[in-house]
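Structure data (mmCIF, C-alpha atoms and all ligand atoms) from work-v7.cif:
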```
data_structure
#
loop_
_atom_site.label_atom_id
_atom_site.label_comp_id
_atom_site.auth_asym_id
_atom_site.auth_seq_id
_atom_site.Cartn_x
_atom_site.Cartn_y
_atom_site.Cartn_z
CA MET A 1 106.68 138.17 129.89
CA GLN A 2 110.02 136.53 130.39
CA ALA A 3 111.71 138.23 127.51
CA MET A 4 110.65 141.73 128.56
CA ASN A 5 113.50 144.16 127.97
CA TRP A 6 115.32 141.48 126.07
CA ASP A 7 116.41 139.71 129.24
CA TYR A 8 119.34 142.09 129.14
CA VAL A 9 120.94 143.57 132.24
CA GLY A 10 122.22 147.13 132.34
CA ASN A 11 121.83 150.05 129.94
CA PRO A 12 118.03 149.77 129.58
CA TRP A 13 118.09 152.93 127.44
CA ALA A 14 120.07 151.01 124.80
CA VAL A 15 117.53 148.18 124.67
CA GLU A 16 114.67 150.66 124.49
CA MET A 17 116.31 152.60 121.71
CA LEU A 18 117.04 149.54 119.58
CA ARG A 19 113.65 147.99 120.25
CA THR A 20 111.91 151.21 119.25
CA GLN A 21 113.93 151.36 116.05
CA ILE A 22 112.83 147.84 115.15
CA VAL A 23 109.17 148.56 115.95
CA GLN A 24 109.22 151.79 113.94
CA ASP A 25 111.34 150.25 111.19
CA THR A 26 114.04 152.87 111.56
CA THR A 27 117.01 150.59 112.23
CA ARG A 28 120.40 151.60 110.89
CA HIS A 29 122.77 149.52 108.80
CA ALA A 30 125.70 149.80 111.15
CA TYR A 31 126.10 150.09 114.90
CA ILE A 32 129.02 150.44 117.25
CA PHE A 33 128.67 149.10 120.79
CA ALA A 34 131.48 150.57 122.85
CA GLY A 35 132.44 149.66 126.40
CA PRO A 36 134.71 147.48 128.51
CA GLN A 37 134.85 143.70 128.18
CA GLY A 38 132.13 141.87 130.09
CA ILE A 39 129.62 144.70 129.86
CA GLY A 40 127.40 142.92 127.32
CA ARG A 41 128.25 144.37 123.92
CA ARG A 42 128.04 141.08 122.05
CA THR A 43 124.94 140.00 123.93
CA LEU A 44 123.19 143.23 122.98
CA ALA A 45 124.01 142.63 119.31
CA LEU A 46 122.66 139.08 119.55
CA ARG A 47 119.46 140.32 121.22
CA PHE A 48 118.98 142.78 118.40
CA VAL A 49 119.32 140.00 115.82
CA GLN A 50 116.91 137.85 117.84
CA ALA A 51 114.39 140.70 118.03
CA LEU A 52 114.61 141.10 114.26
CA ASN A 53 114.19 137.43 113.49
CA CYS A 54 112.25 135.64 116.24
CA PRO A 55 108.90 134.61 114.71
CA GLN A 56 107.19 135.64 117.95
CA ALA A 57 108.78 139.07 118.14
CA ALA A 58 106.82 140.46 115.21
CA VAL A 59 105.02 143.52 116.61
CA SER A 60 106.71 144.29 119.89
CA ALA A 61 110.30 143.38 118.96
CA GLU A 62 110.42 141.22 122.10
CA PRO A 63 112.20 137.97 121.17
CA CYS A 64 111.02 134.83 122.97
CA LEU A 65 114.64 133.66 123.48
CA SER A 66 113.55 130.03 123.48
CA CYS A 67 112.50 129.15 119.92
CA ARG A 68 114.84 127.51 117.45
CA VAL A 69 115.73 130.78 115.76
CA CYS A 70 116.48 132.53 119.07
CA GLN A 71 118.61 129.58 120.19
CA GLN A 72 120.55 129.43 116.94
CA ILE A 73 121.32 133.12 117.17
CA GLU A 74 122.26 132.84 120.85
CA THR A 75 124.85 130.17 120.05
CA THR A 76 125.86 131.93 116.80
CA GLN A 77 124.82 128.89 114.77
CA TYR A 78 122.50 130.95 112.62
CA SER A 79 123.20 130.80 108.90
CA ASP A 80 122.67 134.53 108.28
CA LEU A 81 124.89 135.60 111.17
CA GLN A 82 128.65 135.74 111.13
CA VAL A 83 130.87 136.70 114.04
CA LEU A 84 134.31 137.95 113.16
CA GLU A 85 136.88 137.86 115.96
CA LEU A 86 140.60 137.54 116.57
CA LEU A 87 141.82 134.11 115.52
CA GLU A 88 143.85 131.89 117.84
CA GLY A 89 147.56 132.64 117.58
CA LYS A 90 147.06 135.93 115.75
CA SER A 91 147.92 139.38 117.03
CA GLU A 92 145.34 141.26 115.01
CA ILE A 93 142.18 140.87 112.99
CA SER A 94 143.27 140.45 109.39
CA ARG A 95 142.16 142.17 106.24
CA GLU A 96 141.39 138.75 104.80
CA GLN A 97 138.91 138.05 107.62
CA VAL A 98 137.20 141.35 106.88
CA ARG A 99 137.12 140.55 103.18
CA LEU A 100 135.46 137.18 103.78
CA THR A 101 132.85 138.77 106.01
CA GLN A 102 132.18 141.44 103.40
CA GLN A 103 131.61 138.67 100.91
CA PHE A 104 129.23 136.95 103.34
CA LEU A 105 127.27 140.20 103.77
CA SER A 106 126.82 140.57 100.03
CA LEU A 107 125.09 137.19 99.70
CA THR A 108 121.33 136.78 99.74
CA PRO A 109 120.01 135.92 103.22
CA TYR A 110 119.28 132.26 103.64
CA GLN A 111 116.72 131.95 106.44
CA SER A 112 115.96 135.57 107.35
CA LYS A 113 115.52 139.04 105.93
CA SER A 114 119.06 140.22 106.45
CA LYS A 115 122.65 139.11 106.74
CA VAL A 116 124.29 140.22 109.97
CA ALA A 117 127.96 140.46 110.86
CA ILE A 118 129.39 141.18 114.29
CA PHE A 119 132.95 142.52 114.29
CA ARG A 120 134.15 141.76 117.81
CA ASP A 121 136.78 143.86 119.54
CA PHE A 122 137.51 145.78 116.39
CA GLN A 123 140.25 147.70 118.23
CA LEU A 124 142.29 144.61 117.32
CA ALA A 125 142.14 145.54 113.64
CA SER A 126 144.86 147.81 112.24
CA ALA A 127 143.96 151.16 110.71
CA GLY A 128 144.44 149.60 107.29
CA THR A 129 142.05 146.76 108.05
CA GLN A 130 139.50 149.14 109.55
CA ASP A 131 139.84 151.22 106.45
CA ALA A 132 138.99 148.19 104.31
CA LEU A 133 135.59 148.02 106.01
CA LEU A 134 134.67 151.65 105.28
CA LYS A 135 133.24 151.03 101.86
CA THR A 136 130.91 148.37 103.25
CA LEU A 137 129.82 150.74 106.01
CA GLU A 138 129.08 153.38 103.42
CA GLU A 139 127.22 151.15 100.99
CA THR A 140 125.97 148.27 103.10
CA PRO A 141 124.60 145.65 100.74
CA GLY A 142 120.81 145.42 100.75
CA SER A 143 119.34 144.71 104.15
CA ALA A 144 122.66 143.67 105.73
CA ARG A 145 123.51 144.87 109.20
CA ILE A 146 126.85 145.39 110.84
CA PHE A 147 127.71 145.52 114.52
CA ILE A 148 131.12 146.58 115.70
CA THR A 149 132.12 146.06 119.31
CA VAL A 150 135.07 147.98 120.69
CA ASP A 151 136.60 148.68 124.10
CA ALA A 152 136.86 152.43 123.49
CA LEU A 153 135.72 154.64 120.62
CA GLU A 154 139.12 156.29 120.27
CA ASN A 155 140.47 152.93 119.08
CA LEU A 156 138.40 153.17 115.92
CA LEU A 157 139.03 155.39 112.92
CA PRO A 158 136.91 158.56 113.15
CA THR A 159 135.66 157.69 109.66
CA THR A 160 134.38 154.34 110.99
CA VAL A 161 132.66 155.98 113.94
CA SER A 162 130.98 158.61 111.79
CA ARG A 163 129.36 155.97 109.59
CA CYS A 164 127.71 154.08 112.44
CA GLU A 165 125.16 154.66 115.16
CA VAL A 166 127.17 154.66 118.36
CA LEU A 167 125.94 153.23 121.66
CA SER A 168 128.36 153.69 124.55
CA LEU A 169 127.51 151.13 127.22
CA ARG A 170 128.14 152.13 130.82
CA PRO A 171 128.79 150.01 133.89
CA MET A 172 125.97 149.66 136.42
CA PRO A 173 126.22 151.18 139.90
CA ALA A 174 127.72 148.48 142.15
CA GLU A 175 124.72 148.30 144.49
CA GLU A 176 122.24 148.00 141.64
CA LEU A 177 124.29 145.22 140.10
CA ALA A 178 124.45 143.47 143.49
CA ASN A 179 120.65 143.56 143.73
CA THR A 180 120.35 142.19 140.21
CA LEU A 181 122.74 139.32 140.95
CA HIS A 182 120.70 138.47 144.02
CA ALA A 183 117.37 138.64 142.22
CA ARG A 184 118.34 136.86 139.02
CA LEU A 185 121.03 134.42 140.02
CA HIS A 186 120.20 134.03 143.73
CA VAL A 187 123.68 135.08 144.75
CA GLU A 188 123.62 135.65 148.51
CA PRO A 189 123.61 139.37 149.39
CA GLU A 190 127.10 139.66 150.87
CA LYS A 191 128.74 137.94 147.91
CA ALA A 192 126.53 139.85 145.47
CA ARG A 193 127.76 143.10 147.00
CA LEU A 194 131.38 142.01 146.58
CA LEU A 195 130.84 140.93 142.97
CA GLY A 196 129.02 144.18 142.20
CA HIS A 197 132.16 146.04 143.21
CA ILE A 198 134.97 143.88 141.89
CA SER A 199 133.29 143.50 138.51
CA GLY A 200 133.32 147.26 138.15
CA GLY A 201 129.59 147.19 137.42
CA ARG A 202 129.90 144.85 134.43
CA TYR A 203 127.11 142.31 134.58
CA GLY A 204 128.69 139.80 132.19
CA TYR A 205 131.84 139.66 134.24
CA ALA A 206 129.99 139.56 137.56
CA ARG A 207 127.93 136.61 136.31
CA LEU A 208 131.09 134.73 135.36
CA LEU A 209 132.45 135.31 138.86
CA ALA A 210 129.16 134.18 140.39
CA GLU A 211 129.03 131.00 138.35
CA ASP A 212 132.62 129.89 138.76
CA GLU A 213 133.93 129.87 142.33
CA SER A 214 137.48 129.14 141.14
CA LEU A 215 137.68 132.61 139.58
CA LEU A 216 137.33 134.27 142.97
CA GLN A 217 139.97 131.95 144.39
CA LYS A 218 142.33 132.86 141.56
CA ARG A 219 141.72 136.52 142.21
CA ALA A 220 142.60 136.05 145.89
CA THR A 221 145.82 134.25 144.94
CA TRP A 222 146.78 136.96 142.45
CA LEU A 223 146.18 139.74 144.96
CA ASP A 224 148.28 137.87 147.53
CA GLU A 225 151.03 137.48 144.97
CA TRP A 226 150.93 141.18 144.17
CA SER A 227 151.39 141.98 147.85
CA ALA A 228 154.25 139.51 148.09
CA LEU A 229 155.96 141.02 145.04
CA ALA A 230 156.13 144.39 146.79
CA GLY A 231 158.44 142.90 149.40
CA MET A 232 160.74 141.10 146.97
CA ASN A 233 164.04 142.13 145.46
CA ARG A 234 164.77 141.83 141.76
CA LEU A 235 166.19 138.32 141.95
CA GLN A 236 163.18 137.06 143.89
CA ARG A 237 160.80 138.71 141.44
CA PHE A 238 162.46 137.01 138.52
CA LYS A 239 162.31 133.72 140.35
CA TYR A 240 158.61 134.33 140.84
CA VAL A 241 158.15 134.92 137.11
CA GLU A 242 160.19 131.84 136.29
CA ALA A 243 158.27 129.63 138.73
CA GLY A 244 154.85 131.14 138.04
CA PHE A 245 154.42 130.56 134.36
CA PRO A 246 155.97 127.21 133.45
CA LYS A 247 154.27 125.89 136.60
CA ARG A 248 150.93 126.20 134.80
CA SER A 249 152.35 124.74 131.63
CA LYS A 250 149.36 122.45 131.16
CA LEU A 251 147.52 125.46 129.79
CA THR A 252 147.58 126.20 126.07
CA LEU A 253 149.29 129.40 125.03
CA LYS A 254 145.91 131.02 124.50
CA GLU A 255 144.77 130.02 128.00
CA LYS A 256 148.03 131.25 129.51
CA ARG A 257 147.64 134.58 127.81
CA GLN A 258 144.03 134.85 128.94
CA GLU A 259 145.03 134.02 132.49
CA LEU A 260 147.87 136.52 132.47
CA ALA A 261 145.53 139.23 131.19
CA GLU A 262 143.10 138.44 134.01
CA MET A 263 145.87 138.55 136.57
CA LEU A 264 147.17 141.88 135.29
CA ASN A 265 143.65 143.31 135.29
CA THR A 266 143.20 142.16 138.88
CA TRP A 267 146.43 143.89 139.86
CA MET A 268 145.29 146.94 137.93
CA SER A 269 142.00 147.17 139.80
CA PHE A 270 143.84 146.91 143.14
CA ASN A 271 146.21 149.69 142.13
CA ARG A 272 143.37 151.87 140.88
CA ASP A 273 141.91 151.55 144.37
CA VAL A 274 145.27 152.57 145.83
CA LEU A 275 145.37 155.61 143.55
CA LEU A 276 141.82 156.52 144.56
CA LEU A 277 142.79 156.56 148.23
CA VAL A 278 146.12 158.34 147.71
CA SER A 279 144.42 161.05 145.72
CA GLY A 280 141.92 161.55 148.51
CA ALA A 281 138.77 159.92 147.19
CA GLY A 282 137.11 158.02 150.00
CA SER A 283 134.62 156.01 148.00
CA GLY A 284 134.33 154.00 144.82
CA LEU A 285 136.70 151.20 145.79
CA MET A 286 136.35 148.04 143.74
CA ASN A 287 138.17 145.58 145.99
CA ILE A 288 136.01 146.18 149.05
CA ASP A 289 137.11 142.92 150.65
CA ARG A 290 140.72 144.16 150.53
CA SER A 291 140.13 147.70 151.74
CA GLY A 292 142.53 147.28 154.69
CA GLU A 293 145.35 146.30 152.39
CA VAL A 294 144.54 149.07 149.90
CA GLU A 295 144.73 151.53 152.79
CA ARG A 296 148.02 150.13 154.05
CA VAL A 297 149.64 150.43 150.61
CA SER A 298 148.20 153.86 149.96
CA VAL A 299 149.81 155.45 153.03
CA GLN A 300 153.20 154.21 151.83
CA THR A 301 153.00 155.63 148.32
CA THR A 302 152.44 158.86 146.40
CA THR A 303 149.97 159.79 143.68
CA PHE A 304 152.88 159.89 141.24
CA GLU A 305 154.09 156.41 142.17
CA ALA A 306 150.60 154.90 142.13
CA ALA A 307 149.90 156.39 138.70
CA ARG A 308 153.23 155.08 137.42
CA THR A 309 152.42 151.55 138.60
CA ILE A 310 149.11 151.73 136.77
CA ARG A 311 150.84 152.83 133.58
CA CYS A 312 153.26 149.88 133.84
CA LEU A 313 150.33 147.49 134.21
CA GLU A 314 148.49 149.13 131.31
CA ARG A 315 151.49 148.61 129.08
CA ALA A 316 151.74 144.98 130.18
CA ILE A 317 148.06 144.36 129.41
CA ASN A 318 148.54 145.95 126.04
CA ARG A 319 151.45 143.63 125.33
CA VAL A 320 149.44 140.55 126.24
CA GLU A 321 146.67 141.70 123.94
CA ARG A 322 149.26 142.20 121.23
CA TYR A 323 150.20 138.56 121.64
CA LEU A 324 153.63 138.93 123.12
CA ASN A 325 155.03 135.96 124.97
CA PRO A 326 153.56 135.85 128.54
CA ARG A 327 156.92 135.29 130.20
CA LEU A 328 158.50 138.20 128.34
CA VAL A 329 155.55 140.41 129.28
CA MET A 330 156.09 139.57 132.95
CA GLU A 331 159.85 140.09 132.85
CA THR A 332 159.44 143.45 131.19
CA LEU A 333 156.80 144.40 133.74
CA MET A 334 159.11 143.53 136.63
CA LEU A 335 161.83 145.78 135.21
CA GLU A 336 159.43 148.61 134.51
CA LEU A 337 157.96 148.45 138.00
CA GLU A 338 161.43 149.05 139.42
CA GLY A 339 161.84 151.98 137.09
CA ALA A 340 164.70 150.21 135.35
CA THR A 341 163.55 151.01 131.85
ZN ZN B 401 112.27 133.30 119.50
#
```
Can the structure in the file be given as structure tokens, please?
Ligand SMILES: [Zn+2]
Amino acid sequence: MQAMNWDYVGNPWAVEMLRTQIVQDTTRHAYIFAGPQGIGRRTLALRFVQALNCPQAAVSAEPCLSCRVCQQIETTQYSDLQVLELLEGKSEISREQVRLTQQFLSLTPYQSKSKVAIFRDFQLASAGTQDALLKTLEETPGSARIFITVDALENLLPTTVSRCEVLSLRPMPAEELANTLHARLHVEPEKARLLGHISGGRYGYARLLAEDESLLQKRATWLDEWSALAGMNRLQRFKYVEAGFPKRSKLTLKEKRQELAEMLNTWMSFNRDVLLLVSGAGSGLMNIDRSGEVERVSVQTTTFEAARTIRCLERAINRVERYLNPRLVMETLMLELEGAT
């Protein structure tokens, strides 16, 4: 029974709920899967589509995950499935993209019973664009199904949320995730424990870290750089920004932006740990391999300062997501960290 529980890690209640709906034929037209990146929102939507369409899933809604249909859905090469996401070089999901997907949903299914669209990271659509989808959510054509993934529910219009079944996906406890990584991917226990923590309980992200050793090395470099920045003056910080980003100029702009977002998120997780310690919480650290450093920084700062640093990083992450130039994002961050703006 390889496909039991949809071969999906975390949030078993969500799998059970969706599976039961399929078995009892009570599925809804539109769903929202909310939660942080790397937690498995898209995967859950794909599993649902597989459970609906796999020829072997008929009674139990347990897709085999290996037949042609399951494979096509897994790789989003399935003719009745469309995934809408932010296009390269764009700062938001456009109304035109939504319109084309609406058109797709109104067509007759080609190889299955229903057309399915996944709207990925719909927080990247403006209120106007989200609004354009409302009518489709209200009167979904025929058997069509819509999945919206979002980082946080408050980034969707309340009118969107109220028209969908909402599943809020939660991170796994670090230890449980560590055990899963060990059991499923044969990650050795010590490393599994580390990944369980630094991934913040997100299986998708932990798996990426487990499968690509260079990601952990990058993280170590970024954390070292963050420490170094603390001891620099303004001139040195700007030199760091200048040297840091053109140095990796072989990357495309999209890759640079992705890398910067990862770096900022790494710094963010470190500073969240600092804030945890400053505010007196003794447990729940993510960067357990850096606990000495977190401690050292936390005795030199205040809750106010630590919270301010986090806000600066949040704004920087937001700017990267809004497709601002990476170098500009970093320069602004350096100024904000000093309290200069
Ligand atoms: Zn199958």
Restricting the calculation to all atoms listed in the file, which member of A:Ser114, A:Gln50, A:Thr26, A:Thr75 is positioned closest to ligand ZN 401 (chain B)?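 Of A:Ser114, A:Gln50, A:Thr26, A:Thr75, the one nearest ligand ZN 401 (chain B) is A:Gln50, counting all atoms listed in the file.
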Between CA of Val49 (chain A) and CA of Glu96 (chain A), what is the distance, to one decimal in Å? 24.7 Å
What does the distance between CA of Arg234 (chain A) and CA of Met330 (chain A) come to in Å, to one decimal place?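 Distance between the two atoms: 12.6 Å.
Straight-line separation from CA of Gly204 (chain A) to CA of Leu44 (chain A): 11.3 Å.
The binding environment of ligand ZN 401 (chain B), defined as every protein, DNA or RNA residue with an atom no more than 9 Å away and counting all atoms listed in the file, comprises A:Gln50, A:Ala51, A:Asn53, A:Cys54, A:Pro55, A:Gln56, A:Ala57, A:Glu62, A:Pro63, A:Cys64, A:Leu65, A:Ser66, A:Cys67, A:Arg68, A:Val69, A:Cys70, A:Gln71.
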Using all atoms listed in the file: which of A:Val278, A:Asp289, A:Ser112, A:Thr332 has the shortest distance to Glu190 (chain A):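 So, comparing all the options, the nearest one is A:Asp289.
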Identify, on the basis of all atoms listed in the file, every residue whose closest approach to region 143-154 of chain A does not exceed 6 Å; exclude the query and any residue fewer than 2 positions from it along the same chain; express the result as an MDAnalysis selection string. chainID A and resid 29:36 114:123 141 156
Given the point (136.9, 151.5, 143.2) in the file's coordinates, find the residues that have an atom at most 8 Å from it, counting only C-alpha atoms, and give them as a ChimeraX atom specification. /A:197-198,200,269,272-273,276,283-288
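The nearest approach to Arg207 (chain A) among the residues A:Gln102, A:Thr20, A:Lys90, A:Gly38, with only C-alpha atoms taken into account, belongs to A:Gly38.
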Exercise on region 204-218 of chain A, axis-aligned box with 8 Å per side, report centre and edge lengths in Å to one decimal, as JSON:
```
{"center_x": 135.1, "center_y": 134.5, "center_z": 138.3, "size_x": 30.4, "size_y": 26.7, "size_z": 28.2}
```
Choose the residue, out of A:Lys250, A:Arg95, A:Arg170, A:Arg319, that has the smallest atom-to-atom separation from Ala127 (chain A); count all atoms listed in the file. A:Arg95
Could you pull the residues within 6 Å of region 177-182 of chain A, counting all atoms listed in the file, minus those fewer than 6 positions along the same chain, as a list in words?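 In the requested form, the answer reads Ala192, Arg193 and Gly196 of chain A.
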Can you tell me, as number ranges by chain, what residues are no more than 10 Å from Glu88 (chain A) when counting only C-alpha atoms, ignoring any on the same chain fewer than 4 positions away? A: 92, 253-254, 323
